[in-house]
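The next block is query_38.tsv, given as TSV, C-alpha atoms.
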```tsv
chain	number	residue	atom	x	y	z
A	1	MET	CA	0.00	0.00	0.00
A	2	THR	CA	1.27	3.46	-0.90
A	3	VAL	CA	1.70	5.83	2.05
A	4	LYS	CA	1.00	9.47	1.20
A	5	ILE	CA	2.63	12.19	3.30
A	6	ALA	CA	2.13	15.96	3.13
A	7	ILE	CA	4.95	18.23	4.28
A	8	ALA	CA	3.17	21.31	5.58
A	9	ASN	CA	3.69	24.52	7.49
A	10	GLN	CA	2.00	27.77	6.49
A	11	LYS	CA	5.02	29.68	7.79
A	12	GLY	CA	7.59	30.27	5.06
A	13	GLY	CA	11.34	29.75	5.39
A	14	VAL	CA	11.18	26.73	7.68
A	15	GLY	CA	13.03	24.31	5.37
A	16	LYS	CA	9.85	22.63	4.13
A	17	THR	CA	11.04	21.95	0.57
A	18	ASP	CA	14.49	20.86	1.80
A	19	LEU	CA	12.77	18.39	4.11
A	20	CYS	CA	10.43	17.10	1.41
A	21	VAL	CA	13.15	16.60	-1.23
A	22	ASN	CA	15.82	15.16	1.04
A	23	LEU	CA	13.58	12.82	3.05
A	24	ALA	CA	12.11	11.49	-0.22
A	25	ALA	CA	15.58	11.08	-1.72
A	26	SER	CA	16.90	9.36	1.40
A	27	LEU	CA	14.05	6.85	1.35
A	28	SER	CA	14.64	6.22	-2.35
A	29	SER	CA	18.28	5.43	-1.52
A	30	PHE	CA	16.93	2.63	0.71
A	31	SER	CA	15.28	1.17	-2.44
A	32	PHE	CA	11.79	2.48	-1.66
A	33	ASN	CA	10.03	3.65	-4.81
A	34	THR	CA	9.22	7.25	-3.97
A	35	LEU	CA	7.24	9.99	-5.71
A	36	LEU	CA	7.49	13.68	-4.90
A	37	VAL	CA	4.42	15.73	-5.87
A	38	ASP	CA	5.25	19.44	-6.03
A	39	LEU	CA	2.09	21.35	-5.15
A	40	ASP	CA	3.80	24.69	-4.48
A	41	PRO	CA	3.44	27.33	-7.26
A	42	GLN	CA	7.00	28.45	-6.47
A	43	ALA	CA	8.13	25.05	-7.84
A	44	ASN	CA	11.25	24.96	-5.65
A	45	ALA	CA	11.16	21.17	-5.26
A	46	THR	CA	10.89	20.86	-9.05
A	47	ASP	CA	13.91	23.09	-9.55
A	48	TYR	CA	15.75	21.13	-6.84
A	49	LEU	CA	15.44	17.84	-8.76
A	50	THR	CA	15.53	18.84	-12.43
A	51	ARG	CA	17.30	21.34	-14.67
A	52	ASN	CA	14.55	21.26	-17.31
A	53	ASN	CA	11.24	23.07	-17.65
A	54	PRO	CA	8.60	20.32	-17.58
A	55	GLN	CA	5.94	20.45	-20.29
A	56	SER	CA	3.14	19.35	-17.94
A	57	SER	CA	2.71	19.97	-14.25
A	58	THR	CA	0.50	19.51	-11.22
A	59	CYS	CA	-1.45	22.52	-12.51
A	60	ASP	CA	-2.56	20.40	-15.49
A	61	LEU	CA	-3.25	17.49	-13.13
A	62	LEU	CA	-5.66	19.53	-11.01
A	63	MET	CA	-7.31	21.56	-13.76
A	64	LYS	CA	-7.75	19.04	-16.59
A	65	ASP	CA	-9.96	16.01	-16.07
A	66	GLU	CA	-8.25	14.02	-18.82
A	67	ILE	CA	-4.75	14.41	-17.34
A	68	LYS	CA	-3.63	11.52	-15.16
A	69	LEU	CA	-0.77	11.40	-12.68
A	70	GLU	CA	1.36	9.23	-14.96
A	71	ASP	CA	0.98	11.82	-17.73
A	72	ILE	CA	3.02	14.38	-15.78
A	73	THR	CA	5.33	12.15	-13.70
A	74	LEU	CA	9.04	12.30	-14.57
A	75	LYS	CA	11.92	10.02	-13.70
A	76	THR	CA	14.67	11.95	-11.96
A	77	ASP	CA	18.41	11.29	-12.20
A	78	PHE	CA	18.19	9.51	-8.86
A	79	PRO	CA	17.21	5.83	-8.63
A	80	ASN	CA	13.72	5.08	-7.29
A	81	LEU	CA	12.78	8.78	-7.14
A	82	SER	CA	10.11	10.25	-9.43
A	83	LEU	CA	8.70	13.78	-9.63
A	84	ALA	CA	5.32	15.28	-10.43
A	85	PRO	CA	6.55	18.82	-11.19
A	86	SER	CA	4.91	22.14	-10.40
A	87	SER	CA	4.58	25.40	-12.32
A	88	ILE	CA	3.64	29.01	-11.63
A	89	GLY	CA	0.26	28.24	-13.20
A	90	LEU	CA	-0.80	26.69	-9.90
A	91	SER	CA	-1.31	30.21	-8.52
A	92	ALA	CA	-4.07	30.86	-11.03
A	93	ALA	CA	-5.42	27.34	-10.52
A	94	GLN	CA	-6.15	28.15	-6.88
A	95	VAL	CA	-8.49	30.95	-7.95
A	96	GLN	CA	-10.32	28.70	-10.40
A	97	LEU	CA	-10.56	25.84	-7.93
A	98	ALA	CA	-12.31	28.12	-5.45
A	99	ASN	CA	-15.38	28.05	-7.70
A	100	GLU	CA	-15.43	24.27	-8.11
A	101	VAL	CA	-17.75	21.92	-6.25
A	102	ASN	CA	-15.80	19.44	-4.08
A	103	MET	CA	-12.56	21.16	-5.08
A	104	GLN	CA	-10.86	19.83	-1.92
A	105	PHE	CA	-11.04	16.27	-3.32
A	106	ARG	CA	-9.44	17.05	-6.70
A	107	LEU	CA	-5.95	15.79	-5.82
A	108	LYS	CA	-7.29	12.81	-3.87
A	109	ARG	CA	-9.15	11.58	-6.96
A	110	LYS	CA	-6.03	11.95	-9.10
A	111	LEU	CA	-3.91	9.97	-6.63
A	112	LYS	CA	-6.36	7.06	-6.40
A	113	ALA	CA	-4.72	5.21	-9.29
A	114	LEU	CA	-1.25	5.28	-7.71
A	115	ASP	CA	0.71	2.19	-8.59
A	116	GLY	CA	4.26	1.09	-7.90
A	117	PHE	CA	5.18	3.63	-5.22
A	118	ASP	CA	5.94	2.90	-1.58
A	119	TYR	CA	5.81	6.56	-0.54
A	120	VAL	CA	4.38	9.75	-1.99
A	121	PHE	CA	5.52	13.08	-0.54
A	122	ILE	CA	3.61	16.27	-1.29
A	123	ASP	CA	5.37	19.61	-0.98
A	124	THR	CA	2.73	22.20	-0.09
A	125	PRO	CA	2.78	26.00	-0.36
A	126	PRO	CA	3.42	28.16	2.73
A	127	SER	CA	-0.28	28.81	3.34
A	128	LEU	CA	-3.43	27.04	4.47
A	129	GLY	CA	-5.17	27.68	1.14
A	130	LEU	CA	-6.88	25.33	-1.30
A	131	LEU	CA	-3.70	23.59	-2.43
A	132	THR	CA	-2.69	22.65	1.12
A	133	VAL	CA	-6.25	21.53	1.87
A	134	ASN	CA	-6.14	19.33	-1.27
A	135	ALA	CA	-2.88	17.80	-0.07
A	136	LEU	CA	-4.13	17.12	3.46
A	137	THR	CA	-7.36	15.64	2.13
A	138	ALA	CA	-5.39	13.29	-0.16
A	139	CYS	CA	-2.79	12.14	2.39
A	140	ASP	CA	-2.52	9.58	5.16
A	141	GLN	CA	-0.01	11.56	7.21
A	142	VAL	CA	1.42	15.04	7.64
A	143	ILE	CA	4.93	16.01	8.75
A	144	ILE	CA	5.46	19.52	10.10
A	145	PRO	CA	8.90	21.19	9.89
A	146	ILE	CA	9.62	23.72	12.64
A	147	GLN	CA	12.72	25.90	12.49
A	148	THR	CA	14.56	26.33	15.76
A	149	HIS	CA	14.15	30.11	15.80
A	150	TYR	CA	12.41	32.47	18.21
A	151	PHE	CA	9.01	32.46	16.48
A	152	ALA	CA	9.22	28.72	15.81
A	153	MET	CA	5.71	27.74	16.83
A	154	ASP	CA	3.91	30.69	15.26
A	155	GLY	CA	1.01	29.27	13.31
A	156	VAL	CA	1.63	25.62	14.20
A	157	THR	CA	-1.45	25.53	16.45
A	158	LYS	CA	-3.53	26.90	13.56
A	159	LEU	CA	-2.11	24.23	11.25
A	160	LEU	CA	-2.95	21.50	13.76
A	161	ASP	CA	-6.48	22.92	14.04
A	162	THR	CA	-6.75	22.70	10.24
A	163	VAL	CA	-5.48	19.11	10.32
A	164	ASN	CA	-8.09	18.22	12.95
A	165	THR	CA	-10.88	19.91	10.95
A	166	ILE	CA	-9.89	18.04	7.79
A	167	LYS	CA	-9.71	14.81	9.79
A	168	GLU	CA	-13.22	15.35	11.12
A	169	ASP	CA	-14.87	16.61	7.93
A	170	LEU	CA	-12.92	15.34	4.91
A	171	ASN	CA	-10.26	12.74	5.67
A	172	PRO	CA	-10.70	10.57	8.80
A	173	ASN	CA	-7.47	8.66	7.98
A	174	LEU	CA	-5.23	11.72	8.34
A	175	SER	CA	-2.72	11.71	11.21
A	176	VAL	CA	0.30	13.75	12.27
A	177	LYS	CA	3.33	11.58	11.59
A	178	GLY	CA	5.57	13.97	13.47
A	179	ILE	CA	7.37	17.27	13.77
A	180	VAL	CA	10.91	17.80	12.47
A	181	LEU	CA	13.17	20.46	13.96
A	182	THR	CA	15.07	22.22	11.16
A	183	MET	CA	17.89	24.79	10.87
A	184	TYR	CA	19.30	23.59	14.18
A	185	ASP	CA	22.46	25.35	15.32
A	186	ARG	CA	24.17	23.38	18.09
A	187	ARG	CA	26.41	26.37	18.87
A	188	THR	CA	23.53	28.50	20.15
A	189	SER	CA	21.48	28.27	23.31
A	190	LEU	CA	18.45	29.48	21.32
A	191	SER	CA	18.24	26.26	19.29
A	192	LYS	CA	18.42	24.18	22.46
A	193	GLU	CA	15.76	26.32	24.16
A	194	VAL	CA	13.41	26.08	21.17
A	195	GLU	CA	13.99	22.32	20.94
A	196	GLU	CA	13.05	21.89	24.60
A	197	LYS	CA	9.97	24.09	24.16
A	198	VAL	CA	8.76	22.18	21.08
A	199	ARG	CA	9.40	18.74	22.61
A	200	ASN	CA	7.49	19.74	25.75
A	201	ALA	CA	4.59	21.21	23.76
A	202	PHE	CA	4.26	18.22	21.42
A	203	ARG	CA	5.31	15.27	23.55
A	204	GLY	CA	5.86	12.08	21.59
A	205	LYS	CA	5.31	13.83	18.24
A	206	VAL	CA	8.81	15.23	17.59
A	207	PHE	CA	11.38	13.19	15.67
A	208	LYS	CA	14.60	12.58	17.61
A	209	THR	CA	16.67	13.51	14.54
A	210	VAL	CA	17.17	17.25	14.02
A	211	ILE	CA	18.24	18.87	10.74
A	212	PRO	CA	21.27	21.08	11.32
A	213	ILE	CA	22.30	24.32	9.67
A	214	ASN	CA	24.79	23.09	7.08
A	215	VAL	CA	26.54	24.93	4.23
A	216	LYS	CA	26.43	21.90	1.93
A	217	LEU	CA	22.71	21.55	2.57
A	218	ALA	CA	22.23	25.18	1.52
A	219	GLU	CA	24.31	24.63	-1.64
A	220	SER	CA	22.67	21.43	-2.88
A	221	PRO	CA	19.52	22.99	-4.49
A	222	SER	CA	21.68	25.12	-6.82
A	223	HIS	CA	23.33	21.89	-8.03
A	224	HIS	CA	19.92	20.22	-8.53
A	225	GLN	CA	20.91	17.37	-6.23
A	226	PRO	CA	19.64	16.08	-2.89
A	227	ILE	CA	22.21	16.32	-0.13
A	228	ILE	CA	22.88	12.56	-0.05
A	229	THR	CA	24.38	12.74	-3.56
A	230	TYR	CA	25.76	16.28	-3.51
A	231	ALA	CA	27.67	15.92	-0.23
A	232	PRO	CA	27.16	12.39	1.12
A	233	ARG	CA	29.63	12.84	4.00
A	234	SER	CA	28.17	16.12	5.24
A	235	THR	CA	26.31	16.48	8.51
A	236	GLY	CA	23.20	17.35	6.50
A	237	ALA	CA	23.33	14.07	4.56
A	238	LYS	CA	23.86	12.05	7.74
A	239	ALA	CA	20.94	13.82	9.41
A	240	TYR	CA	18.54	13.07	6.55
A	241	LEU	CA	19.57	9.43	6.35
A	242	ASN	CA	19.01	9.13	10.11
A	243	LEU	CA	15.64	10.85	9.75
A	244	ALA	CA	14.66	8.40	6.98
A	245	LYS	CA	15.60	5.45	9.21
A	246	GLU	CA	13.55	6.92	12.04
A	247	PHE	CA	10.67	7.55	9.64
A	248	VAL	CA	10.45	3.90	8.54
A	249	GLY	CA	10.83	2.78	12.15
```
Representation of the structure as structure tokens:
Amino acid sequence: MTVKIAIANQKGGVGKTDLCVNLAASLSSFSFNTLLVDLDPQANATDYLTRNNPQSSTCDLLMKDEIKLEDITLKTDFPNLSLAPSSIGLSAAQVQLANEVNMQFRLKRKLKALDGFDYVFIDTPPSLGLLTVNALTACDQVIIPIQTHYFAMDGVTKLLDTVNTIKEDLNPNLSVKGIVLTMYDRRTSLSKEVEEKVRNAFRGKVFKTVIPINVKLAESPSHHQPIITYAPRSTGAKAYLNLAKEFVG
């Protein structure tokens, strides 16, 4: 059975796309067939994994009834990792979707025919708009990245309220897989204080593995490679491989 996971946080700049790309890539390196669905109009995950401009995107998937998931899915340069790319057209699609009946189920219907994937990760935009609602309605689990900065938990309660509402009204199978602490700087007391605060607030829901601030991790998107291939010996690569192991249990 394919497990579908949304990576979500309406706060921008928390390392959401980094988490989505690198966790997916790490799992694919363990021979799990993995699909990354880019549902963010900024298309950062798409740019992370490919140098080309895809002809079709998740915009076509959501807006055109005749387009199927396999029609837009691309093989990446990395074994066992496929990509359903995004495009800027998704911004306009949100406006059109607002006028559709049952628009929140559009992605779920398109993902029904999934075949051959162990995991599907959905990178969502930094908002709680229609695209994020579509992702949460279509998924089994959600992972929330929280940066270890002063305003770390701003908006997380609202996101959890949204998750609970969707669970009650639209998707009873949805659960919070966990919270991942990102941009962790072991040299500062602030990161340690935020970690303690988050772990106390969300007991049992926070992954043990934290994602550190790492220069190689910051460089890897510009080389269109996940960290495990761009700098496999870096602390960032080790952290994501550990997170993937923790994820599969």
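Nearest to Leu49 (chain A) of all the residues A:Lys192, A:Lys64, A:Lys75, A:Arg109 is A:Lys75, based on all atoms listed in the file.
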Judged by all atoms listed in the file, the minimum distance to Leu107 (chain A) among A:Leu174, A:Met1, A:Val14, A:Leu69 is found for A:Leu69
Identify which of the residues A:Gln225, A:Thr157, A:Thr188, A:Asn242 lies closest to Lys208 (chain A), counting all atoms listed in the file when measuring atom-to-atom distances.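 Closest candidate: A:Asn242.
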List the spatial neighbours of Val248 (chain A) as number ranges by chain - criterion: any atom at most 12 Å away, only C-alpha atoms, same-chain residues fewer than 5 positions off excluded. A: 3, 23-24, 26-28, 30, 32, 118-119, 177, 207, 241-243
Expressed in Å, the length from CA of Gln10 (chain A) to CA of Ala25 (chain A) is 23.0 Å
Calculate how many Å separate CA of Asp115 (chain A) from CA of Ala138 (chain A), rounding to one decimal.
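The value is 15.2 Å.
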ask   = Hey, what's within 9 Å of Val21 (chain A) if we count all atoms listed in the file and toss same-chain stuff fewer than 6 positions away? As a PyMOL selection string, please?
value = chain A and resi 36+45+48-49+121+123+226
Worksheet entry | Non-local contacts of Val176 (chain A) (9 Å; all atoms listed in the file; under 6 positions in same chain excluded) as a PyMOL selection string | chain A and resi 140-144+160+163+205
Those residues you just picked out, can you put them in a file as an mmCIF file, keeping the file's coordinate frame with C-alpha atoms?
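That gives us part_1.cif:
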```cif
data_model
loop_
_atom_site.group_PDB
_atom_site.id
_atom_site.type_symbol
_atom_site.label_atom_id
_atom_site.label_comp_id
_atom_site.auth_asym_id
_atom_site.auth_seq_id
_atom_site.Cartn_x
_atom_site.Cartn_y
_atom_site.Cartn_z
ATOM 1 C CA ASP A 140 -2.520 9.580 5.160
ATOM 2 C CA GLN A 141 -0.010 11.560 7.210
ATOM 3 C CA VAL A 142 1.420 15.040 7.640
ATOM 4 C CA ILE A 143 4.930 16.010 8.750
ATOM 5 C CA ILE A 144 5.460 19.520 10.100
ATOM 6 C CA LEU A 160 -2.950 21.500 13.760
ATOM 7 C CA VAL A 163 -5.480 19.110 10.320
ATOM 8 C CA LYS A 205 5.310 13.830 18.240
#
```
Item to complete: Return the single residue from A:Val210, A:Leu131, A:Ala98, A:Leu74 that is closest to Cys59 (chain A), with distances computed using all atoms listed in the file.
Response: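 Ranking A:Val210, A:Leu131, A:Ala98, A:Leu74 by distance to Cys59 (chain A), first place goes to A:Leu131.
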How big is the axis-aligned box around the listed atoms of region 105-116 of chain A once 8 Å is added on each side, and where is its centre? Give both in Å to one decimal, as lines of an AutoDock Vina configuration file.
```
center_x = -3.4
center_y = 9.1
center_z = -6.3
size_x = 31.3
size_y = 32.0
size_z = 22.0
```
| So which residues touch Ser57 (chain A) within 12 Å, counting only C-alpha atoms, skipping near sequence neighbours fewer than 4 positions away, as a ChimeraX atom specification? | /A:37-41,43,46,53,61-64,67-74,83-90,93
| said: With distances taken over all atoms listed in the file, which residue among A:Ile146, A:Ile122, A:Val101, A:Leu19 lies nearest Pro221 (chain A)? | reply: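 Smallest distance to Pro221 (chain A) is found for A:Leu19.
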field: Nearest to Val95 (chain A) by atom-to-atom distance, counting only C-alpha atoms, from A:Cys20, A:Lys112, A:Gly15, A:Gly129
entry: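 Going through A:Cys20, A:Lys112, A:Gly15, A:Gly129 one by one, the smallest distance to Val95 (chain A) is for A:Gly129.
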(message) Just want the 12 Å neighbourhood of Tyr184 (chain A), counted on only C-alpha atoms, with same-chain residues fewer than 6 positions away dropped. Output as a list in words.
(response)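 Close residues of Tyr184 (chain A): Val14, Gly15, Pro145, Ile146, Gln147, Thr148, His149, Tyr150, Ala152, Leu190, Ser191, Lys192, Glu193, Val194, Glu195, Thr209, Val210, Ile211, Pro212, Ile213, Asn214, Thr235, Gly236 and Ala239 of chain A.
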- For CA of Ser31 (chain A) and CA of Asn80 (chain A), determine how far apart the two atoms are, in Å to one decimal place.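 Spanning CA of Ser31 (chain A) to CA of Asn80 (chain A) is a straight-line distance of 6.4 Å.
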Would you list the residues near (23.4, 13.0, -2.8), meaning any protein, DNA or RNA residue with an atom at most 10 Å from that point in file coordinates, counting all atoms listed in the file, as a list in words?
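Answer for this query, in the requested form: Asn22, Ala25, Ser26, Ser29, Phe78, Ser220, His224, Gln225, Pro226, Ile227, Ile228, Thr229, Tyr230, Ala231, Pro232, Arg233, Ser234 and Ala237 of chain A.
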